[in-house]
file target_33.cif (mmCIF, N, CA, C and O atoms)
data_upload
#
loop_
_atom_site.label_atom_id
_atom_site.label_comp_id
_atom_site.auth_asym_id
_atom_site.auth_seq_id
_atom_site.Cartn_x
_atom_site.Cartn_y
_atom_site.Cartn_z
N MET H 67 0.84 -1.17 0.00
CA MET H 67 0.00 0.00 0.00
C MET H 67 0.88 1.24 0.00
O MET H 67 1.87 1.32 0.70
N VAL H 68 0.52 2.20 -0.81
CA VAL H 68 1.27 3.45 -0.91
C VAL H 68 0.92 4.33 0.28
O VAL H 68 -0.24 4.44 0.66
N GLY H 69 1.93 4.96 0.87
CA GLY H 69 1.70 5.83 2.01
C GLY H 69 0.78 6.98 1.65
O GLY H 69 0.73 7.43 0.50
N VAL H 70 0.04 7.46 2.63
CA VAL H 70 -0.91 8.55 2.42
C VAL H 70 -0.22 9.78 1.85
O VAL H 70 -0.75 10.46 0.97
N ASP H 71 1.00 10.06 2.31
CA ASP H 71 1.71 11.24 1.84
C ASP H 71 2.14 11.13 0.37
O ASP H 71 2.45 12.12 -0.26
N LEU H 72 2.16 9.92 -0.18
CA LEU H 72 2.54 9.72 -1.57
C LEU H 72 1.35 9.42 -2.48
O LEU H 72 1.51 9.33 -3.69
N GLN H 73 0.19 9.24 -1.92
CA GLN H 73 -0.97 8.82 -2.67
C GLN H 73 -1.29 9.75 -3.84
O GLN H 73 -1.68 9.30 -4.91
N ASP H 74 -1.09 11.05 -3.67
CA ASP H 74 -1.41 12.00 -4.75
C ASP H 74 -0.44 11.91 -5.92
O ASP H 74 -0.68 12.51 -6.97
N GLN H 75 0.66 11.14 -5.78
CA GLN H 75 1.62 10.99 -6.87
C GLN H 75 1.39 9.72 -7.68
O GLN H 75 2.12 9.45 -8.63
N VAL H 76 0.39 8.94 -7.33
CA VAL H 76 0.10 7.69 -8.04
C VAL H 76 -0.97 7.98 -9.09
O VAL H 76 -2.04 8.48 -8.76
N TYR H 77 -0.66 7.67 -10.33
CA TYR H 77 -1.56 7.99 -11.43
C TYR H 77 -2.07 6.75 -12.18
O TYR H 77 -2.61 6.87 -13.26
N HIS H 78 -1.91 5.57 -11.65
CA HIS H 78 -2.33 4.37 -12.36
C HIS H 78 -2.83 3.32 -11.38
O HIS H 78 -2.55 3.39 -10.19
N GLU H 79 -3.57 2.38 -11.92
CA GLU H 79 -4.00 1.24 -11.12
C GLU H 79 -2.79 0.31 -10.91
O GLU H 79 -1.90 0.24 -11.77
N ALA H 80 -2.80 -0.40 -9.82
CA ALA H 80 -1.72 -1.35 -9.55
C ALA H 80 -1.77 -2.48 -10.57
O ALA H 80 -2.84 -2.85 -11.05
N ILE H 81 -0.60 -3.00 -10.93
CA ILE H 81 -0.55 -4.13 -11.86
C ILE H 81 -0.19 -5.39 -11.09
O ILE H 81 0.46 -5.32 -10.04
N PRO H 82 -0.61 -6.56 -11.57
CA PRO H 82 -0.27 -7.79 -10.86
C PRO H 82 1.23 -8.07 -10.94
O PRO H 82 1.87 -7.82 -11.95
N VAL H 83 1.77 -8.57 -9.87
CA VAL H 83 3.18 -8.91 -9.79
C VAL H 83 3.33 -10.41 -9.92
O VAL H 83 2.60 -11.17 -9.28
N PRO H 84 4.24 -10.89 -10.76
CA PRO H 84 4.44 -12.33 -10.88
C PRO H 84 4.75 -12.96 -9.53
O PRO H 84 5.44 -12.37 -8.70
N SER H 85 4.25 -14.16 -9.32
CA SER H 85 4.36 -14.79 -8.01
C SER H 85 5.66 -15.57 -7.79
O SER H 85 5.97 -15.93 -6.67
N CYS H 86 6.40 -15.86 -8.83
CA CYS H 86 7.61 -16.67 -8.64
C CYS H 86 8.79 -15.80 -8.23
O CYS H 86 8.80 -14.59 -8.43
N ASN H 87 9.80 -16.42 -7.67
CA ASN H 87 10.98 -15.71 -7.18
C ASN H 87 12.06 -15.53 -8.23
O ASN H 87 12.97 -14.74 -8.04
N SER H 88 12.00 -16.29 -9.31
CA SER H 88 13.04 -16.22 -10.33
C SER H 88 12.40 -16.32 -11.71
O SER H 88 11.45 -17.05 -11.91
N LEU H 89 12.92 -15.58 -12.66
CA LEU H 89 12.37 -15.65 -14.00
C LEU H 89 12.95 -16.82 -14.79
O LEU H 89 12.50 -17.11 -15.89
N PHE H 90 13.90 -17.53 -14.23
CA PHE H 90 14.50 -18.66 -14.92
C PHE H 90 13.73 -19.94 -14.63
O PHE H 90 13.19 -20.12 -13.53
N ALA H 91 13.68 -20.83 -15.62
CA ALA H 91 12.94 -22.08 -15.49
C ALA H 91 13.55 -22.99 -14.42
O ALA H 91 12.84 -23.74 -13.77
N CYS H 92 14.88 -22.91 -14.24
CA CYS H 92 15.54 -23.74 -13.23
C CYS H 92 16.83 -23.06 -12.78
O CYS H 92 17.29 -22.09 -13.38
N THR H 93 17.42 -23.58 -11.72
CA THR H 93 18.64 -22.98 -11.19
C THR H 93 19.81 -23.11 -12.16
O THR H 93 20.70 -22.26 -12.16
N ASN H 94 19.81 -24.15 -12.98
CA ASN H 94 20.88 -24.30 -13.98
C ASN H 94 20.84 -23.15 -14.99
O ASN H 94 21.89 -22.65 -15.39
N ASP H 95 19.63 -22.77 -15.41
CA ASP H 95 19.51 -21.64 -16.33
C ASP H 95 20.04 -20.36 -15.69
O ASP H 95 20.71 -19.57 -16.34
N LYS H 96 19.72 -20.15 -14.44
CA LYS H 96 20.18 -18.96 -13.74
C LYS H 96 21.70 -18.93 -13.66
O LYS H 96 22.33 -17.91 -13.94
N ALA H 97 22.31 -20.05 -13.30
CA ALA H 97 23.77 -20.13 -13.21
C ALA H 97 24.41 -19.92 -14.58
O ALA H 97 25.42 -19.22 -14.70
N GLU H 98 23.80 -20.50 -15.62
CA GLU H 98 24.34 -20.34 -16.96
C GLU H 98 24.22 -18.88 -17.43
O GLU H 98 25.12 -18.35 -18.07
N PHE H 99 23.08 -18.23 -17.11
CA PHE H 99 22.92 -16.82 -17.45
C PHE H 99 24.07 -16.01 -16.87
O PHE H 99 24.71 -15.22 -17.57
N TRP H 100 24.31 -16.15 -15.55
CA TRP H 100 25.36 -15.35 -14.91
C TRP H 100 26.73 -15.67 -15.47
O TRP H 100 27.58 -14.78 -15.60
N SER H 101 26.97 -16.92 -15.85
CA SER H 101 28.25 -17.29 -16.44
C SER H 101 28.44 -16.63 -17.81
O SER H 101 29.49 -16.04 -18.09
N VAL H 102 27.42 -16.71 -18.66
CA VAL H 102 27.50 -16.10 -19.98
C VAL H 102 27.59 -14.58 -19.86
O VAL H 102 28.39 -13.94 -20.54
N PHE H 103 26.76 -14.00 -18.99
CA PHE H 103 26.77 -12.55 -18.79
C PHE H 103 28.14 -12.07 -18.34
O PHE H 103 28.66 -11.07 -18.84
N GLU H 104 28.73 -12.77 -17.39
CA GLU H 104 30.06 -12.40 -16.90
C GLU H 104 31.09 -12.47 -18.04
O GLU H 104 31.93 -11.58 -18.17
N ASN H 105 30.99 -13.49 -18.87
CA ASN H 105 31.91 -13.65 -20.00
C ASN H 105 31.76 -12.51 -21.00
O ASN H 105 32.75 -11.96 -21.48
N VAL H 106 30.51 -12.12 -21.29
CA VAL H 106 30.25 -11.01 -22.20
C VAL H 106 30.83 -9.72 -21.63
O VAL H 106 31.45 -8.93 -22.35
N MET H 107 30.65 -9.49 -20.32
CA MET H 107 31.18 -8.28 -19.69
C MET H 107 32.71 -8.28 -19.69
O MET H 107 33.33 -7.25 -19.96
N LEU H 108 33.32 -9.42 -19.38
CA LEU H 108 34.78 -9.50 -19.35
C LEU H 108 35.39 -9.25 -20.72
O LEU H 108 36.46 -8.65 -20.84
N LYS H 109 34.72 -9.71 -21.77
CA LYS H 109 35.21 -9.50 -23.14
C LYS H 109 34.81 -8.13 -23.67
O LYS H 109 35.17 -7.77 -24.78
N ASP H 110 34.05 -7.37 -22.87
CA ASP H 110 33.61 -6.02 -23.22
C ASP H 110 32.91 -5.99 -24.57
O ASP H 110 33.17 -5.14 -25.41
N ILE H 111 32.00 -6.93 -24.77
CA ILE H 111 31.23 -7.03 -26.01
C ILE H 111 30.10 -6.01 -25.96
O ILE H 111 29.30 -5.99 -25.03
N THR H 112 30.04 -5.16 -26.98
CA THR H 112 28.96 -4.18 -27.09
C THR H 112 27.96 -4.70 -28.11
O THR H 112 28.29 -4.84 -29.28
N PRO H 113 26.72 -4.99 -27.67
CA PRO H 113 25.74 -5.53 -28.60
C PRO H 113 25.32 -4.50 -29.66
O PRO H 113 25.22 -3.30 -29.38
N ALA H 114 25.09 -4.99 -30.87
CA ALA H 114 24.64 -4.13 -31.96
C ALA H 114 23.13 -3.93 -31.86
O ALA H 114 22.40 -4.76 -31.32
N GLY H 115 22.68 -2.81 -32.38
CA GLY H 115 21.25 -2.55 -32.47
C GLY H 115 20.66 -1.81 -31.28
O GLY H 115 19.45 -1.64 -31.20
N TYR H 116 21.48 -1.34 -30.37
CA TYR H 116 21.00 -0.64 -29.18
C TYR H 116 21.47 0.81 -29.11
O TYR H 116 21.33 1.46 -28.08
N GLY H 117 22.06 1.30 -30.20
CA GLY H 117 22.51 2.69 -30.23
C GLY H 117 23.78 2.95 -29.44
O GLY H 117 24.05 4.08 -29.04
N LEU H 118 24.58 1.90 -29.20
CA LEU H 118 25.80 2.04 -28.41
C LEU H 118 27.07 2.06 -29.25
O LEU H 118 28.10 2.54 -28.80
N LEU H 119 27.01 1.52 -30.46
CA LEU H 119 28.19 1.47 -31.32
C LEU H 119 28.37 2.81 -32.03
O LEU H 119 27.39 3.52 -32.29
N PRO H 120 29.61 3.16 -32.35
CA PRO H 120 29.87 4.49 -32.95
C PRO H 120 29.01 4.79 -34.19
O PRO H 120 28.45 5.88 -34.30
N HIS H 121 28.88 3.84 -35.09
CA HIS H 121 28.08 4.10 -36.30
C HIS H 121 26.58 4.22 -35.97
O HIS H 121 25.84 4.89 -36.68
N GLU H 122 26.13 3.60 -34.89
CA GLU H 122 24.73 3.73 -34.47
C GLU H 122 24.48 5.09 -33.83
O GLU H 122 23.40 5.67 -33.97
N LEU H 123 25.47 5.61 -33.12
CA LEU H 123 25.33 6.92 -32.49
C LEU H 123 25.19 8.02 -33.53
O LEU H 123 24.38 8.93 -33.41
N LYS H 124 25.99 7.93 -34.60
CA LYS H 124 25.92 8.94 -35.66
C LYS H 124 24.59 8.85 -36.40
O LYS H 124 24.01 9.86 -36.76
N ALA H 125 24.11 7.63 -36.60
CA ALA H 125 22.85 7.44 -37.33
C ALA H 125 21.67 7.93 -36.51
O ALA H 125 20.64 8.31 -37.06
N ASP H 126 21.79 7.93 -35.20
CA ASP H 126 20.69 8.33 -34.33
C ASP H 126 20.95 9.72 -33.74
O ASP H 126 20.84 9.94 -32.56
N SER H 127 21.26 10.67 -34.59
CA SER H 127 21.62 12.00 -34.11
C SER H 127 20.40 12.83 -33.72
O SER H 127 20.54 13.93 -33.20
N SER H 128 19.19 12.31 -33.93
CA SER H 128 17.99 13.06 -33.57
C SER H 128 17.79 13.13 -32.06
O SER H 128 17.13 14.03 -31.57
N ASN H 129 18.34 12.19 -31.33
CA ASN H 129 18.19 12.20 -29.87
C ASN H 129 19.21 13.13 -29.24
O ASN H 129 20.38 13.11 -29.57
N SER H 130 18.74 13.96 -28.33
CA SER H 130 19.62 14.87 -27.62
C SER H 130 20.46 14.10 -26.61
O SER H 130 19.97 13.14 -26.01
N THR H 131 21.69 14.51 -26.43
CA THR H 131 22.54 13.88 -25.43
C THR H 131 22.58 14.70 -24.16
O THR H 131 23.41 14.46 -23.30
N LEU H 132 21.70 15.69 -24.05
CA LEU H 132 21.63 16.52 -22.86
C LEU H 132 20.26 16.40 -22.22
O LEU H 132 19.25 16.33 -22.91
N GLU H 133 20.25 16.39 -20.90
CA GLU H 133 19.00 16.37 -20.13
C GLU H 133 19.07 17.53 -19.15
O GLU H 133 20.09 17.78 -18.53
N PHE H 134 17.98 18.25 -19.03
CA PHE H 134 17.92 19.39 -18.12
C PHE H 134 17.05 19.00 -16.93
O PHE H 134 15.89 18.64 -17.09
N VAL H 135 17.63 19.05 -15.72
CA VAL H 135 16.95 18.63 -14.51
C VAL H 135 16.68 19.86 -13.64
O VAL H 135 17.60 20.61 -13.31
N SER H 136 15.41 20.05 -13.30
CA SER H 136 15.03 21.17 -12.43
C SER H 136 15.45 20.87 -11.00
O SER H 136 15.24 19.77 -10.50
N VAL H 137 16.04 21.87 -10.35
CA VAL H 137 16.48 21.72 -8.96
C VAL H 137 16.11 22.97 -8.18
O VAL H 137 15.70 23.99 -8.75
N GLY H 138 16.28 22.91 -6.88
CA GLY H 138 16.04 24.07 -6.04
C GLY H 138 14.57 24.23 -5.71
O GLY H 138 13.72 23.46 -6.15
N GLN H 139 14.29 25.26 -4.93
CA GLN H 139 12.92 25.54 -4.55
C GLN H 139 12.09 25.86 -5.79
O GLN H 139 12.49 26.67 -6.62
N HIS H 140 10.97 25.19 -5.90
CA HIS H 140 10.04 25.40 -7.01
C HIS H 140 10.64 25.07 -8.36
O HIS H 140 10.10 25.48 -9.39
N GLY H 141 11.77 24.40 -8.40
CA GLY H 141 12.40 24.02 -9.66
C GLY H 141 12.85 25.21 -10.50
O GLY H 141 12.87 25.14 -11.72
N ALA H 142 13.20 26.29 -9.83
CA ALA H 142 13.55 27.52 -10.52
C ALA H 142 14.90 27.44 -11.23
O ALA H 142 15.15 28.18 -12.18
N LYS H 143 15.76 26.56 -10.78
CA LYS H 143 17.07 26.41 -11.40
C LYS H 143 17.12 25.07 -12.12
O LYS H 143 16.34 24.18 -11.84
N SER H 144 18.06 24.93 -13.02
CA SER H 144 18.22 23.64 -13.69
C SER H 144 19.70 23.35 -13.87
O SER H 144 20.53 24.27 -13.96
N ILE H 145 20.01 22.08 -13.89
CA ILE H 145 21.38 21.65 -14.18
C ILE H 145 21.34 20.82 -15.45
O ILE H 145 20.32 20.21 -15.78
N THR H 146 22.40 20.84 -16.17
CA THR H 146 22.50 20.10 -17.42
C THR H 146 23.28 18.82 -17.17
O THR H 146 24.39 18.86 -16.61
N VAL H 147 22.72 17.69 -17.56
CA VAL H 147 23.36 16.40 -17.40
C VAL H 147 23.65 15.85 -18.79
O VAL H 147 22.75 15.75 -19.63
N SER H 148 24.89 15.48 -19.03
CA SER H 148 25.27 14.90 -20.31
C SER H 148 24.97 13.41 -20.30
O SER H 148 25.47 12.67 -19.45
N LEU H 149 24.12 12.98 -21.22
CA LEU H 149 23.81 11.56 -21.32
C LEU H 149 24.86 10.80 -22.11
O LEU H 149 24.83 9.58 -22.18
N ALA H 150 25.80 11.52 -22.71
CA ALA H 150 26.88 10.89 -23.44
C ALA H 150 28.09 10.62 -22.54
O ALA H 150 29.08 10.08 -22.97
N ASP H 151 27.97 11.01 -21.28
CA ASP H 151 29.05 10.83 -20.33
C ASP H 151 29.44 9.35 -20.24
O ASP H 151 28.57 8.48 -20.30
N PRO H 152 30.72 9.04 -20.09
CA PRO H 152 31.16 7.65 -20.01
C PRO H 152 30.47 6.84 -18.91
O PRO H 152 30.31 5.63 -19.04
N VAL H 153 30.04 7.48 -17.84
CA VAL H 153 29.34 6.75 -16.78
C VAL H 153 28.03 6.17 -17.31
O VAL H 153 27.69 5.02 -17.08
N TRP H 154 27.28 6.99 -18.04
CA TRP H 154 26.00 6.53 -18.59
C TRP H 154 26.22 5.47 -19.66
O TRP H 154 25.46 4.52 -19.76
N VAL H 155 27.24 5.64 -20.46
CA VAL H 155 27.53 4.67 -21.51
C VAL H 155 27.84 3.31 -20.91
O VAL H 155 27.37 2.28 -21.38
N LYS H 156 28.60 3.30 -19.82
CA LYS H 156 28.94 2.04 -19.16
C LYS H 156 27.68 1.34 -18.65
O LYS H 156 27.51 0.13 -18.84
N HIS H 157 26.78 2.09 -18.01
CA HIS H 157 25.54 1.48 -17.51
C HIS H 157 24.66 1.00 -18.65
O HIS H 157 24.06 -0.07 -18.57
N ALA H 158 24.57 1.79 -19.71
CA ALA H 158 23.76 1.39 -20.87
C ALA H 158 24.32 0.12 -21.50
O ALA H 158 23.57 -0.79 -21.88
N ARG H 159 25.64 0.03 -21.62
CA ARG H 159 26.27 -1.16 -22.21
C ARG H 159 25.98 -2.38 -21.35
O ARG H 159 25.60 -3.44 -21.85
N THR H 160 26.14 -2.25 -20.02
CA THR H 160 25.88 -3.37 -19.12
C THR H 160 24.42 -3.82 -19.21
O THR H 160 24.12 -5.01 -19.26
N TRP H 161 23.50 -2.86 -19.23
CA TRP H 161 22.07 -3.18 -19.34
C TRP H 161 21.80 -3.95 -20.64
O TRP H 161 21.11 -4.98 -20.64
N CYS H 162 22.33 -3.47 -21.74
CA CYS H 162 22.09 -4.11 -23.04
C CYS H 162 22.77 -5.47 -23.13
O CYS H 162 22.22 -6.40 -23.74
N GLN H 163 23.94 -5.61 -22.54
CA GLN H 163 24.60 -6.91 -22.50
C GLN H 163 23.72 -7.93 -21.79
O GLN H 163 23.52 -9.05 -22.26
N GLY H 164 23.20 -7.53 -20.64
CA GLY H 164 22.32 -8.43 -19.89
C GLY H 164 21.06 -8.76 -20.65
O GLY H 164 20.60 -9.91 -20.65
N LEU H 165 20.49 -7.77 -21.32
CA LEU H 165 19.28 -7.99 -22.10
C LEU H 165 19.51 -8.98 -23.23
O LEU H 165 18.71 -9.90 -23.45
N VAL H 166 20.61 -8.81 -23.93
CA VAL H 166 20.93 -9.72 -25.04
C VAL H 166 21.13 -11.15 -24.52
O VAL H 166 20.62 -12.10 -25.10
N VAL H 167 21.86 -11.30 -23.44
CA VAL H 167 22.08 -12.64 -22.86
C VAL H 167 20.76 -13.23 -22.38
O VAL H 167 20.48 -14.41 -22.60
N LEU H 168 19.93 -12.42 -21.77
CA LEU H 168 18.65 -12.89 -21.25
C LEU H 168 17.75 -13.43 -22.36
O LEU H 168 16.99 -14.37 -22.15
N THR H 169 17.84 -12.85 -23.54
CA THR H 169 17.01 -13.32 -24.66
C THR H 169 17.36 -14.74 -25.09
O THR H 169 16.59 -15.36 -25.82
N LEU H 170 18.47 -15.25 -24.64
CA LEU H 170 18.87 -16.62 -24.98
C LEU H 170 18.17 -17.67 -24.12
O LEU H 170 18.26 -18.86 -24.40
N PHE H 171 17.47 -17.22 -23.08
CA PHE H 171 16.87 -18.15 -22.13
C PHE H 171 15.35 -18.11 -22.22
O PHE H 171 14.75 -17.09 -22.54
N GLU H 172 14.73 -19.22 -21.87
CA GLU H 172 13.28 -19.33 -21.82
C GLU H 172 12.79 -18.69 -20.52
O GLU H 172 13.12 -19.17 -19.44
N ILE H 173 12.03 -17.62 -20.65
CA ILE H 173 11.56 -16.94 -19.45
C ILE H 173 10.04 -16.78 -19.43
O ILE H 173 9.49 -16.15 -18.54
N SER H 174 9.34 -17.38 -20.38
CA SER H 174 7.91 -17.15 -20.48
C SER H 174 7.16 -17.65 -19.24
O SER H 174 6.12 -17.12 -18.89
N SER H 175 7.67 -18.66 -18.55
CA SER H 175 6.99 -19.18 -17.36
C SER H 175 6.91 -18.14 -16.25
O SER H 175 6.07 -18.21 -15.38
N TYR H 176 7.78 -17.15 -16.28
CA TYR H 176 7.77 -16.09 -15.27
C TYR H 176 6.48 -15.29 -15.31
O TYR H 176 5.99 -14.81 -14.32
N PHE H 177 5.91 -15.16 -16.52
CA PHE H 177 4.72 -14.34 -16.69
C PHE H 177 3.43 -15.15 -16.72
O PHE H 177 2.36 -14.59 -16.87
N ASP H 178 3.53 -16.46 -16.58
CA ASP H 178 2.33 -17.30 -16.52
C ASP H 178 1.69 -17.15 -15.15
O ASP H 178 2.37 -17.03 -14.15
N ASN H 179 0.39 -17.17 -15.12
CA ASN H 179 -0.32 -17.07 -13.82
C ASN H 179 -0.79 -18.41 -13.36
O ASN H 179 -1.14 -19.29 -13.91
#
call {"tool": "encode", "arguments": {"input": "target_33.cif", "output": "structure tokens"}}
result
Amino acid sequence: MVGVDLQDQVYHEAIPVPSCNSLFACTNDKAEFWSVFENVMLKDITPAGYGLLPHELKADSSNSTLEFVSVGQHGAKSITVSLADPVWVKHARTWCQGLVVLTLFEISSYFDN
């Protein structure tokens, strides 16, 4: 249940949460996922098709690499955050590596009721 002080910030109905503890069909799949994922990270493999490779970045020049975040009282000030910063690139690469590896496994049972 959402606290009373946060209730006015909720704009949607609650969605059902899957009842199982793991999205993998068995513990072997989970262990294999982490093994493959670790190997992909150690080899620093950047998956294609996620806008992370140099030729993909140039092709997708319509997206801004800057985000403006309102700060201070009443949001009167703003700071500029570079989304092209190496910190963000590292997190994006890790996320996409995991996503690509995850697609190799059967996970449909996670969403079955």
call {"tool": "atom_distance", "arguments": {"input": "target_33.cif", "atom1": "atom N of Ala97 of chain H", "atom2": "atom O of Leu168 of chain H"}}
result
11.8 Å
call {"tool": "residues_around", "arguments": {"input": "target_33.cif", "residues": "Arg159 of chain H", "least_positions_apart": "6", "cutoff": "10 Å", "atoms": "only C-alpha atoms", "output": "PyMOL selection string"}}
result
chain H and resi 107+110-113+116-119+165
call {"tool": "atom_distance", "arguments": {"input": "target_33.cif", "atom1": "atom CA of Phe90 of chain H", "atom2": "atom CA of Val155 of chain H"}}
result
27.5 Å
call {"tool": "select_by_dssp", "arguments": {"input": "target_33.cif", "residues": "segment 90-125 of chain H", "states": "helix (DSSP H, G or I)", "output": "short mmCIF file (atom, residue, chain, number, x, y, z; two decimals) with N, CA, C and O atoms, in the frame of the given file"}}
result
data_model
loop_
_atom_site.label_atom_id
_atom_site.label_comp_id
_atom_site.auth_asym_id
_atom_site.auth_seq_id
_atom_site.Cartn_x
_atom_site.Cartn_y
_atom_site.Cartn_z
N THR H 93 17.42 -23.58 -11.72
CA THR H 93 18.64 -22.98 -11.19
C THR H 93 19.81 -23.11 -12.16
O THR H 93 20.70 -22.26 -12.16
N ASN H 94 19.81 -24.15 -12.98
CA ASN H 94 20.88 -24.30 -13.98
C ASN H 94 20.84 -23.15 -14.99
O ASN H 94 21.89 -22.65 -15.39
N ASP H 95 19.63 -22.77 -15.41
CA ASP H 95 19.51 -21.64 -16.33
C ASP H 95 20.04 -20.36 -15.69
O ASP H 95 20.71 -19.57 -16.34
N LYS H 96 19.72 -20.15 -14.44
CA LYS H 96 20.18 -18.96 -13.74
C LYS H 96 21.70 -18.93 -13.66
O LYS H 96 22.33 -17.91 -13.94
N ALA H 97 22.31 -20.05 -13.30
CA ALA H 97 23.77 -20.13 -13.21
C ALA H 97 24.41 -19.92 -14.58
O ALA H 97 25.42 -19.22 -14.70
N GLU H 98 23.80 -20.50 -15.62
CA GLU H 98 24.34 -20.34 -16.96
C GLU H 98 24.22 -18.88 -17.43
O GLU H 98 25.12 -18.35 -18.07
N PHE H 99 23.08 -18.23 -17.11
CA PHE H 99 22.92 -16.82 -17.45
C PHE H 99 24.07 -16.01 -16.87
O PHE H 99 24.71 -15.22 -17.57
N TRP H 100 24.31 -16.15 -15.55
CA TRP H 100 25.36 -15.35 -14.91
C TRP H 100 26.73 -15.67 -15.47
O TRP H 100 27.58 -14.78 -15.60
N SER H 101 26.97 -16.92 -15.85
CA SER H 101 28.25 -17.29 -16.44
C SER H 101 28.44 -16.63 -17.81
O SER H 101 29.49 -16.04 -18.09
N VAL H 102 27.42 -16.71 -18.66
CA VAL H 102 27.50 -16.10 -19.98
C VAL H 102 27.59 -14.58 -19.86
O VAL H 102 28.39 -13.94 -20.54
N PHE H 103 26.76 -14.00 -18.99
CA PHE H 103 26.77 -12.55 -18.79
C PHE H 103 28.14 -12.07 -18.34
O PHE H 103 28.66 -11.07 -18.84
N GLU H 104 28.73 -12.77 -17.39
CA GLU H 104 30.06 -12.40 -16.90
C GLU H 104 31.09 -12.47 -18.04
O GLU H 104 31.93 -11.58 -18.17
N ASN H 105 30.99 -13.49 -18.87
CA ASN H 105 31.91 -13.65 -20.00
C ASN H 105 31.76 -12.51 -21.00
O ASN H 105 32.75 -11.96 -21.48
N VAL H 106 30.51 -12.12 -21.29
CA VAL H 106 30.25 -11.01 -22.20
C VAL H 106 30.83 -9.72 -21.63
O VAL H 106 31.45 -8.93 -22.35
N MET H 107 30.65 -9.49 -20.32
CA MET H 107 31.18 -8.28 -19.69
C MET H 107 32.71 -8.28 -19.69
O MET H 107 33.33 -7.25 -19.96
N LEU H 108 33.32 -9.42 -19.38
CA LEU H 108 34.78 -9.50 -19.35
C LEU H 108 35.39 -9.25 -20.72
O LEU H 108 36.46 -8.65 -20.84
N PRO H 120 29.61 3.16 -32.35
CA PRO H 120 29.87 4.49 -32.95
C PRO H 120 29.01 4.79 -34.19
O PRO H 120 28.45 5.88 -34.30
N HIS H 121 28.88 3.84 -35.09
CA HIS H 121 28.08 4.10 -36.30
C HIS H 121 26.58 4.22 -35.97
O HIS H 121 25.84 4.89 -36.68
N GLU H 122 26.13 3.60 -34.89
CA GLU H 122 24.73 3.73 -34.47
C GLU H 122 24.48 5.09 -33.83
O GLU H 122 23.40 5.67 -33.97
N LEU H 123 25.47 5.61 -33.12
CA LEU H 123 25.33 6.92 -32.49
C LEU H 123 25.19 8.02 -33.53
O LEU H 123 24.38 8.93 -33.41
N LYS H 124 25.99 7.93 -34.60
CA LYS H 124 25.92 8.94 -35.66
C LYS H 124 24.59 8.85 -36.40
O LYS H 124 24.01 9.86 -36.76
N ALA H 125 24.11 7.63 -36.60
CA ALA H 125 22.85 7.44 -37.33
C ALA H 125 21.67 7.93 -36.51
O ALA H 125 20.64 8.31 -37.06
#
call {"tool": "atom_distance", "arguments": {"input": "target_33.cif", "atom1": "atom O of Phe171 of chain H", "atom2": "atom CA of Ala91 of chain H"}}
result
8.8 Å
